[in-house]
file work27.pdb (PDB, C-alpha atoms, pLDDT in the B column)
MODEL        1
ATOM      1  CA  MET A   1     -11.677  14.666  11.521  1.00 44.00           C
ATOM      2  CA  SER A   2     -12.261  13.006  14.893  1.00 44.00           C
ATOM      3  CA  ALA A   3     -10.783  14.463  18.057  1.00 44.00           C
ATOM      4  CA  SER A   4      -8.842  11.273  18.683  1.00 45.00           C
ATOM      5  CA  SER A   5      -7.031  11.513  15.335  1.00 45.00           C
ATOM      6  CA  THR A   6      -5.307  14.724  16.419  1.00 47.00           C
ATOM      7  CA  HIS A   7      -3.440  12.758  19.102  1.00 50.00           C
ATOM      8  CA  ARG A   8      -2.009  10.064  16.856  1.00 59.00           C
ATOM      9  CA  LYS A   9       1.714   9.755  16.503  1.00 68.00           C
ATOM     10  CA  ASN A  10       3.115  10.637  13.097  1.00 84.00           C
ATOM     11  CA  ILE A  11       6.038   8.318  12.338  1.00 93.00           C
ATOM     12  CA  LEU A  12       8.696   9.660   9.977  1.00 95.00           C
ATOM     13  CA  LEU A  13      10.302   7.026   7.754  1.00 96.00           C
ATOM     14  CA  LYS A  14      13.144   7.610   5.307  1.00 95.00           C
ATOM     15  CA  VAL A  15      12.606   5.628   2.092  1.00 95.00           C
ATOM     16  CA  VAL A  16      15.302   5.274  -0.589  1.00 93.00           C
ATOM     17  CA  ILE A  17      14.300   4.137  -4.097  1.00 93.00           C
ATOM     18  CA  LEU A  18      17.105   2.388  -6.013  1.00 93.00           C
ATOM     19  CA  GLY A  19      17.417   0.883  -9.466  1.00 93.00           C
ATOM     20  CA  ASP A  20      18.882   1.354 -12.926  1.00 93.00           C
ATOM     21  CA  GLY A  21      18.303   4.568 -14.825  1.00 87.00           C
ATOM     22  CA  GLY A  22      15.155   4.447 -16.931  1.00 88.00           C
ATOM     23  CA  VAL A  23      13.218   1.861 -14.902  1.00 92.00           C
ATOM     24  CA  GLY A  24      10.700   4.512 -13.831  1.00 90.00           C
ATOM     25  CA  LYS A  25      11.708   5.411 -10.268  1.00 90.00           C
ATOM     26  CA  SER A  26      10.760   9.073 -10.692  1.00 87.00           C
ATOM     27  CA  CYS A  27       7.472   8.179 -12.396  1.00 90.00           C
ATOM     28  CA  LEU A  28       6.649   5.784  -9.557  1.00 93.00           C
ATOM     29  CA  MET A  29       7.355   8.436  -6.938  1.00 90.00           C
ATOM     30  CA  ASN A  30       5.500  11.202  -8.796  1.00 90.00           C
ATOM     31  CA  ARG A  31       2.434   8.987  -9.211  1.00 93.00           C
ATOM     32  CA  PHE A  32       2.498   8.237  -5.488  1.00 95.00           C
ATOM     33  CA  VAL A  33       3.165  11.809  -4.300  1.00 92.00           C
ATOM     34  CA  SER A  34       1.053  13.883  -6.703  1.00 91.00           C
ATOM     35  CA  ASN A  35      -0.921  11.278  -8.707  1.00 93.00           C
ATOM     36  CA  ASN A  36       0.697  12.529 -11.904  1.00 90.00           C
ATOM     37  CA  PHE A  37       2.429  10.692 -14.745  1.00 85.00           C
ATOM     38  CA  ASP A  38       4.775  12.221 -17.329  1.00 74.00           C
ATOM     39  CA  SER A  39       6.127   9.824 -19.935  1.00 64.00           C
ATOM     40  CA  HIS A  40       8.650  12.450 -21.029  1.00 60.00           C
ATOM     41  CA  SER A  41      10.198  13.059 -17.600  1.00 58.00           C
ATOM     42  CA  PHE A  42      13.995  13.336 -17.561  1.00 51.00           C
ATOM     43  CA  HIS A  43      16.377  11.054 -15.701  1.00 53.00           C
ATOM     44  CA  THR A  44      17.105  12.090 -12.136  1.00 51.00           C
ATOM     45  CA  VAL A  45      20.418  13.911 -11.753  1.00 46.00           C
ATOM     46  CA  GLY A  46      21.838  13.155  -8.313  1.00 54.00           C
ATOM     47  CA  VAL A  47      19.025  12.847  -5.755  1.00 67.00           C
ATOM     48  CA  GLU A  48      15.436  14.143  -5.533  1.00 74.00           C
ATOM     49  CA  PHE A  49      13.483  14.381  -2.291  1.00 80.00           C
ATOM     50  CA  PHE A  50       9.736  14.486  -1.488  1.00 87.00           C
ATOM     51  CA  ASN A  51       7.443  13.990   1.520  1.00 91.00           C
ATOM     52  CA  LYS A  52       4.152  12.104   1.480  1.00 93.00           C
ATOM     53  CA  ASP A  53       1.727  11.265   4.294  1.00 94.00           C
ATOM     54  CA  ILE A  54       0.226   7.793   4.297  1.00 94.00           C
ATOM     55  CA  GLU A  55      -2.030   5.824   6.625  1.00 94.00           C
ATOM     56  CA  VAL A  56      -1.410   2.093   7.048  1.00 94.00           C
ATOM     57  CA  ASN A  57      -3.450  -0.109   9.376  1.00 92.00           C
ATOM     58  CA  GLY A  58      -4.751   2.901  11.264  1.00 91.00           C
ATOM     59  CA  GLU A  59      -1.306   4.428  11.872  1.00 92.00           C
ATOM     60  CA  CYS A  60      -0.074   7.638  10.257  1.00 94.00           C
ATOM     61  CA  TYR A  61       3.344   7.914   8.611  1.00 96.00           C
ATOM     62  CA  THR A  62       5.266  10.606   6.795  1.00 95.00           C
ATOM     63  CA  LEU A  63       7.412   8.986   4.127  1.00 96.00           C
ATOM     64  CA  GLN A  64      10.562  10.926   3.317  1.00 93.00           C
ATOM     65  CA  LEU A  65      11.202   9.708  -0.237  1.00 93.00           C
ATOM     66  CA  TRP A  66      14.634   9.818  -1.852  1.00 90.00           C
ATOM     67  CA  ASP A  67      14.763   9.159  -5.602  1.00 83.00           C
ATOM     68  CA  THR A  68      18.369   8.442  -6.626  1.00 77.00           C
ATOM     69  CA  ALA A  69      20.009   8.612 -10.045  1.00 66.00           C
ATOM     70  CA  GLY A  70      20.654   5.156 -11.447  1.00 50.00           C
ATOM     71  CA  GLN A  71      23.693   5.935 -13.569  1.00 52.00           C
ATOM     72  CA  GLU A  72      27.092   4.829 -12.276  1.00 53.00           C
ATOM     73  CA  ARG A  73      28.553   8.337 -12.592  1.00 49.00           C
ATOM     74  CA  PHE A  74      26.194   9.546  -9.858  1.00 54.00           C
ATOM     75  CA  ARG A  75      27.239   6.958  -7.270  1.00 58.00           C
ATOM     76  CA  SER A  76      29.279   9.445  -5.224  1.00 56.00           C
ATOM     77  CA  LEU A  77      26.229  11.737  -5.062  1.00 69.00           C
ATOM     78  CA  ARG A  78      23.683   9.133  -3.978  1.00 63.00           C
ATOM     79  CA  THR A  79      25.569   6.915  -1.518  1.00 75.00           C
ATOM     80  CA  PRO A  80      25.915   9.557   1.259  1.00 77.00           C
ATOM     81  CA  PHE A  81      22.115   9.524   1.528  1.00 82.00           C
ATOM     82  CA  TYR A  82      21.900   5.800   2.363  1.00 86.00           C
ATOM     83  CA  ARG A  83      22.663   6.082   6.088  1.00 87.00           C
ATOM     84  CA  GLY A  84      19.629   6.428   8.309  1.00 91.00           C
ATOM     85  CA  THR A  85      17.314   4.819   5.745  1.00 93.00           C
ATOM     86  CA  ASP A  86      14.353   2.934   7.223  1.00 95.00           C
ATOM     87  CA  ILE A  87      13.134   1.271   4.003  1.00 96.00           C
ATOM     88  CA  CYS A  88      14.855   0.498   0.697  1.00 96.00           C
ATOM     89  CA  MET A  89      12.816  -0.118  -2.464  1.00 96.00           C
ATOM     90  CA  LEU A  90      14.745  -2.021  -5.161  1.00 97.00           C
ATOM     91  CA  THR A  91      13.238  -1.374  -8.588  1.00 96.00           C
ATOM     92  CA  TYR A  92      13.474  -2.973 -11.999  1.00 97.00           C
ATOM     93  CA  ALA A  93      11.429  -2.761 -15.211  1.00 97.00           C
ATOM     94  CA  VAL A  94       9.607  -5.873 -16.394  1.00 97.00           C
ATOM     95  CA  ASP A  95      10.731  -5.126 -19.980  1.00 96.00           C
ATOM     96  CA  ASP A  96      14.419  -4.745 -19.033  1.00 97.00           C
ATOM     97  CA  LYS A  97      16.252  -7.938 -18.025  1.00 97.00           C
ATOM     98  CA  THR A  98      19.435  -6.003 -17.292  1.00 97.00           C
ATOM     99  CA  SER A  99      17.679  -3.924 -14.632  1.00 97.00           C
ATOM    100  CA  PHE A 100      16.538  -7.176 -13.012  1.00 97.00           C
ATOM    101  CA  ASN A 101      20.031  -8.654 -13.172  1.00 97.00           C
ATOM    102  CA  ASN A 102      21.376  -5.530 -11.434  1.00 96.00           C
ATOM    103  CA  LEU A 103      19.114  -5.837  -8.379  1.00 97.00           C
ATOM    104  CA  LEU A 104      21.802  -7.655  -6.405  1.00 96.00           C
ATOM    105  CA  MET A 105      24.314  -4.917  -7.243  1.00 93.00           C
ATOM    106  CA  TRP A 106      21.902  -2.267  -5.924  1.00 93.00           C
ATOM    107  CA  ARG A 107      21.196  -4.288  -2.791  1.00 95.00           C
ATOM    108  CA  ASN A 108      24.905  -4.747  -2.101  1.00 92.00           C
ATOM    109  CA  GLU A 109      25.699  -1.091  -2.740  1.00 90.00           C
ATOM    110  CA  PHE A 110      23.015  -0.045  -0.295  1.00 93.00           C
ATOM    111  CA  LEU A 111      24.214  -2.462   2.391  1.00 94.00           C
ATOM    112  CA  THR A 112      27.815  -1.322   1.949  1.00 90.00           C
ATOM    113  CA  TYR A 113      27.123   2.377   2.394  1.00 87.00           C
ATOM    114  CA  SER A 114      24.157   2.285   4.788  1.00 91.00           C
ATOM    115  CA  GLY A 115      25.812   0.384   7.617  1.00 86.00           C
ATOM    116  CA  ILE A 116      22.922  -2.104   7.952  1.00 89.00           C
ATOM    117  CA  LYS A 117      23.810  -4.880  10.387  1.00 82.00           C
ATOM    118  CA  ASP A 118      21.294  -7.560   9.402  1.00 85.00           C
ATOM    119  CA  ALA A 119      20.510  -7.720   5.685  1.00 88.00           C
ATOM    120  CA  LYS A 120      18.065 -10.629   6.036  1.00 86.00           C
ATOM    121  CA  ARG A 121      15.706  -8.708   8.326  1.00 88.00           C
ATOM    122  CA  TYR A 122      16.110  -5.275   6.762  1.00 94.00           C
ATOM    123  CA  PRO A 123      12.911  -3.832   5.155  1.00 95.00           C
ATOM    124  CA  PHE A 124      13.727  -4.251   1.466  1.00 96.00           C
ATOM    125  CA  LEU A 125      10.890  -4.297  -1.064  1.00 97.00           C
ATOM    126  CA  VAL A 126      11.348  -5.321  -4.713  1.00 98.00           C
ATOM    127  CA  VAL A 127       9.188  -3.314  -7.126  1.00 97.00           C
ATOM    128  CA  GLY A 128       8.687  -4.177 -10.782  1.00 97.00           C
ATOM    129  CA  SER A 129       7.626  -1.261 -12.977  1.00 96.00           C
ATOM    130  CA  LYS A 130       5.939  -0.878 -16.381  1.00 95.00           C
ATOM    131  CA  VAL A 131       3.633  -3.865 -15.973  1.00 95.00           C
ATOM    132  CA  ASP A 132       1.218  -2.042 -18.286  1.00 94.00           C
ATOM    133  CA  LEU A 133       3.446  -2.945 -21.268  1.00 92.00           C
ATOM    134  CA  GLY A 134       1.939  -6.399 -21.506  1.00 84.00           C
ATOM    135  CA  SER A 135       3.321  -9.913 -21.779  1.00 86.00           C
ATOM    136  CA  ASP A 136       4.668  -9.489 -25.319  1.00 91.00           C
ATOM    137  CA  LYS A 137       7.260  -6.952 -24.101  1.00 93.00           C
ATOM    138  CA  ARG A 138       8.045  -8.634 -20.799  1.00 95.00           C
ATOM    139  CA  GLU A 139      11.639  -9.803 -20.294  1.00 97.00           C
ATOM    140  CA  VAL A 140      11.369 -10.684 -16.608  1.00 96.00           C
ATOM    141  CA  GLU A 141       8.890 -13.368 -15.626  1.00 93.00           C
ATOM    142  CA  GLU A 142       7.175 -13.188 -12.253  1.00 91.00           C
ATOM    143  CA  ALA A 143       8.575 -16.621 -11.333  1.00 93.00           C
ATOM    144  CA  GLU A 144      12.118 -15.304 -11.832  1.00 95.00           C
ATOM    145  CA  ILE A 145      11.679 -12.365  -9.519  1.00 95.00           C
ATOM    146  CA  ARG A 146       9.929 -14.474  -6.879  1.00 95.00           C
ATOM    147  CA  SER A 147      12.864 -16.889  -6.926  1.00 96.00           C
ATOM    148  CA  TRP A 148      15.310 -13.968  -6.549  1.00 96.00           C
ATOM    149  CA  CYS A 149      13.342 -12.623  -3.598  1.00 96.00           C
ATOM    150  CA  GLU A 150      13.341 -16.006  -1.854  1.00 95.00           C
ATOM    151  CA  GLU A 151      17.095 -16.368  -2.319  1.00 94.00           C
ATOM    152  CA  ASN A 152      17.785 -12.920  -0.895  1.00 92.00           C
ATOM    153  CA  GLY A 153      15.976 -13.021   2.417  1.00 88.00           C
ATOM    154  CA  GLU A 154      12.316 -13.641   1.562  1.00 91.00           C
ATOM    155  CA  VAL A 155      11.951 -10.089   0.269  1.00 95.00           C
ATOM    156  CA  PRO A 156       8.367  -9.166  -0.654  1.00 95.00           C
ATOM    157  CA  MET A 157       7.730  -8.067  -4.235  1.00 97.00           C
ATOM    158  CA  ILE A 158       5.059  -6.298  -6.239  1.00 97.00           C
ATOM    159  CA  GLU A 159       4.612  -5.314  -9.886  1.00 97.00           C
ATOM    160  CA  THR A 160       3.377  -1.795 -10.647  1.00 97.00           C
ATOM    161  CA  SER A 161       2.543   0.692 -13.375  1.00 96.00           C
ATOM    162  CA  ALA A 162       3.001   4.403 -12.764  1.00 95.00           C
ATOM    163  CA  LYS A 163       1.343   5.076 -16.131  1.00 94.00           C
ATOM    164  CA  ASP A 164      -1.882   3.229 -15.279  1.00 96.00           C
ATOM    165  CA  ALA A 165      -1.632   3.751 -11.495  1.00 95.00           C
ATOM    166  CA  ILE A 166      -1.469   0.017 -10.823  1.00 96.00           C
ATOM    167  CA  ASN A 167      -0.385  -1.053  -7.324  1.00 97.00           C
ATOM    168  CA  VAL A 168       1.577   2.155  -6.669  1.00 97.00           C
ATOM    169  CA  ASP A 169      -0.075   3.063  -3.362  1.00 97.00           C
ATOM    170  CA  ILE A 170      -0.101  -0.609  -2.391  1.00 97.00           C
ATOM    171  CA  ALA A 171       3.662  -0.827  -2.952  1.00 97.00           C
ATOM    172  CA  PHE A 172       4.404   1.970  -0.489  1.00 97.00           C
ATOM    173  CA  ALA A 173       1.945   0.526   2.032  1.00 97.00           C
ATOM    174  CA  MET A 174       3.739  -2.821   1.724  1.00 96.00           C
ATOM    175  CA  ALA A 175       7.037  -1.073   2.394  1.00 96.00           C
ATOM    176  CA  VAL A 176       5.651   0.399   5.614  1.00 96.00           C
ATOM    177  CA  GLU A 177       4.270  -2.988   6.675  1.00 95.00           C
ATOM    178  CA  ARG A 178       7.699  -4.507   6.066  1.00 94.00           C
ATOM    179  CA  TRP A 179       9.227  -1.878   8.374  1.00 95.00           C
ATOM    180  CA  ASN A 180       6.588  -2.612  10.994  1.00 93.00           C
ATOM    181  CA  LYS A 181       7.543  -6.288  11.009  1.00 90.00           C
ATOM    182  CA  LEU A 182      11.137  -5.342  11.818  1.00 89.00           C
ATOM    183  CA  GLU A 183       9.964  -3.067  14.636  1.00 90.00           C
ATOM    184  CA  GLU A 184       7.794  -5.840  16.068  1.00 89.00           C
ATOM    185  CA  PHE A 185      10.718  -8.258  15.961  1.00 85.00           C
ATOM    186  CA  LEU A 186      12.995  -5.763  17.720  1.00 85.00           C
ATOM    187  CA  GLU A 187      10.409  -5.057  20.392  1.00 85.00           C
ATOM    188  CA  LYS A 188       9.994  -8.774  21.115  1.00 83.00           C
ATOM    189  CA  SER A 189      13.764  -9.223  21.173  1.00 79.00           C
ATOM    190  CA  ASN A 190      14.177  -6.378  23.644  1.00 74.00           C
ATOM    191  CA  ASN A 191      11.425  -7.823  25.844  1.00 57.00           C
ATOM    192  CA  TYR A 192      12.816 -11.357  26.006  1.00 50.00           C
ATOM    193  CA  CYS A 193      16.567 -11.037  25.429  1.00 48.00           C
ATOM    194  CA  SER A 194      18.747  -8.943  27.709  1.00 40.00           C
ATOM    195  CA  ASP A 195      21.705  -9.111  25.310  1.00 40.00           C
ATOM    196  CA  THR A 196      19.812  -8.160  22.149  1.00 37.00           C
ATOM    197  CA  VAL A 197      21.867  -6.494  19.429  1.00 40.00           C
ATOM    198  CA  ASP A 198      20.205  -3.556  17.681  1.00 45.00           C
ATOM    199  CA  LEU A 199      19.826  -4.527  14.002  1.00 49.00           C
ATOM    200  CA  ARG A 200      18.934  -1.021  12.878  1.00 50.00           C
ATOM    201  CA  ASN A 201      21.271   1.748  11.797  1.00 52.00           C
ATOM    202  CA  HIS A 202      19.374   4.283  13.889  1.00 48.00           C
ATOM    203  CA  HIS A 203      18.275   4.531  17.497  1.00 40.00           C
ATOM    204  CA  GLY A 204      14.637   3.463  17.404  1.00 44.00           C
ATOM    205  CA  PRO A 205      11.762   4.769  15.296  1.00 45.00           C
ATOM    206  CA  LYS A 206      11.663   8.490  14.620  1.00 46.00           C
ATOM    207  CA  VAL A 207       8.357   9.654  16.106  1.00 45.00           C
ATOM    208  CA  ASN A 208       6.877  13.139  16.061  1.00 46.00           C
ATOM    209  CA  LYS A 209       3.540  14.367  17.370  1.00 37.00           C
ATOM    210  CA  LYS A 210       1.530  16.252  14.775  1.00 40.00           C
ATOM    211  CA  SER A 211      -2.015  17.486  14.850  1.00 38.00           C
ATOM    212  CA  GLY A 212      -4.166  16.653  11.865  1.00 42.00           C
ATOM    213  CA  CYS A 213      -2.084  13.623  10.931  1.00 46.00           C
ATOM    214  CA  CYS A 214      -2.472  12.572   7.295  1.00 50.00           C
ATOM    215  CA  ALA A 215      -4.871  15.429   6.705  1.00 47.00           C
TER
ENDMDL
END

call {"tool": "encode", "arguments": {"input": "work27.pdb", "output": "structure tokens"}}
result
Amino acid sequence: MSASSTHRKNILLKVVILGDGGVGKSCLMNRFVSNNFDSHSFHTVGVEFFNKDIEVNGECYTLQLWDTAGQERFRSLRTPFYRGTDICMLTYAVDDKTSFNNLLMWRNEFLTYSGIKDAKRYPFLVVGSKVDLGSDKREVEEAEIRSWCEENGEVPMIETSAKDAINVDIAFAMAVERWNKLEEFLEKSNNYCSDTVDLRNHHGPKVNKKSGCCA
């Protein structure tokens, strides 16, 4: 480790993963955090929480990951965790058209309970799971999801497989890059507009100094 790396800022970002039960949210997170996959993992009950360090474009981040239960009966347990979220990942399974159709419901639920002021600029990322299943089991075509993303604020999207470790790390890096774009926009707005309205639901990025960042 170089001496200069010990002086980098470690930026803490809260990431909430939303989507229907059974789309593979827990598998996606476990593959990212521990590089493990368990096809027999149980549905999340309530909310699970993990930390993971990641480096994106030379900057170090600690992602505080919140995996929420997708069943309606757990809504009262998951919604209190939405406030203070920096990034929201909306997930669906490519073999489950219903999970795709419910993306707007998840987006609206998050916006309602998080207090986000500008939905169009907020760092959403749409993540398709189970791409390893192949085209014969696919119910959601890539063109459909791209059209949905364009209609809902030019949201970036990516298809993944926790089972085969396809695009999992890339998905979380994309989420961080999406957050960075919002920060850059806010910085420019603050520099050039004296009456800028803060679009975030928190007071600036949460930054902590930490030696051995991303070690």

call {"tool": "atom_distance", "arguments": {"input": "work27.pdb", "atom1": "CA of Trp179 in chain A", "atom2": "CA of Leu111 in chain A"}}
result
16.1 Å

call {"tool": "atom_distance", "arguments": {"input": "work27.pdb", "atom1": "CA of Ile145 in chain A", "atom2": "CA of Trp106 in chain A"}}
result
14.8 Å

call {"tool": "residues_around", "arguments": {"input": "work27.pdb", "residues": "Ala171 in chain A", "least_positions_apart": "6", "cutoff": "12 Å", "atoms": "only C-alpha atoms", "output": "list of chain:residue names"}}
result
A:Ile17, A:Leu28, A:Met29, A:Arg31, A:Phe32, A:Ile54, A:Val56, A:Ile87, A:Cys88, A:Met89, A:Leu90, A:Thr91, A:Phe124, A:Leu125, A:Val126, A:Val127, A:Gly128, A:Ser129, A:Pro156, A:Met157, A:Ile158, A:Glu159, A:Thr160, A:Ser161, A:Ala162, A:Ala165, A:Glu177, A:Arg178

call {"tool": "residues_around", "arguments": {"input": "work27.pdb", "residues": "Asp38 in chain A", "least_positions_apart": "6", "cutoff": "9 Å", "atoms": "all atoms listed in the file", "output": "ChimeraX atom specification"}}
result
/A:27,30,163

call {"tool": "residues_around", "arguments": {"input": "work27.pdb", "residues": "Asn108 in chain A", "least_positions_apart": "3", "cutoff": "12 Å", "atoms": "all atoms listed in the file", "output": "ChimeraX atom specification"}}
result
/A:18-19,79,82,88,90,102-105,111-116,119,124,152

call {"tool": "residues_around", "arguments": {"input": "work27.pdb", "residues": "Glu144 in chain A", "least_positions_apart": "6", "cutoff": "12 Å", "atoms": "all atoms listed in the file", "output": "PyMOL selection string"}}
result
chain A and resi 94+97+100-101+128+138+150-151+157

call {"tool": "resolve_selection", "arguments": {"input": "work27.pdb", "expression": "the PyMOL selection byres ((chain A and resi 67) around 6)", "output": "PyMOL selection string"}}
result
chain A and resi 17+47-48+66+68

call {"tool": "atom_distance", "arguments": {"input": "work27.pdb", "atom1": "CA of Lys14 in chain A", "atom2": "CA of Lys181 in chain A"}}
result
16.0 Å

call {"tool": "closest_residue", "arguments": {"input": "work27.pdb", "among": "A:Lys117, A:Gly22, A:Asp86, A:Asp53", "to": "Ser34 in chain A", "atoms": "only C-alpha atoms"}}
result
A:Asp53

call {"tool": "closest_residue", "arguments": {"input": "work27.pdb", "among": "A:Glu154, A:Arg107, A:Glu139, A:Leu63", "to": "Lys120 in chain A", "atoms": "all atoms listed in the file"}}
result
A:Glu154

call {"tool": "closest_residue", "arguments": {"input": "work27.pdb", "among": "A:Asp169, A:Ala175, A:Val131, A:Gly58", "to": "Val155 in chain A", "atoms": "only C-alpha atoms"}}
result
A:Ala175

call {"tool": "closest_residue", "arguments": {"input": "work27.pdb", "among": "A:Leu182, A:Leu133, A:Ile166, A:Met174", "to": "Asn35 in chain A", "atoms": "all atoms listed in the file"}}
result
A:Ile166

call {"tool": "closest_residue", "arguments": {"input": "work27.pdb", "among": "A:Ile11, A:Val168, A:Ala173, A:Val16", "to": "Gly84 in chain A", "atoms": "only C-alpha atoms"}}
result
A:Val16
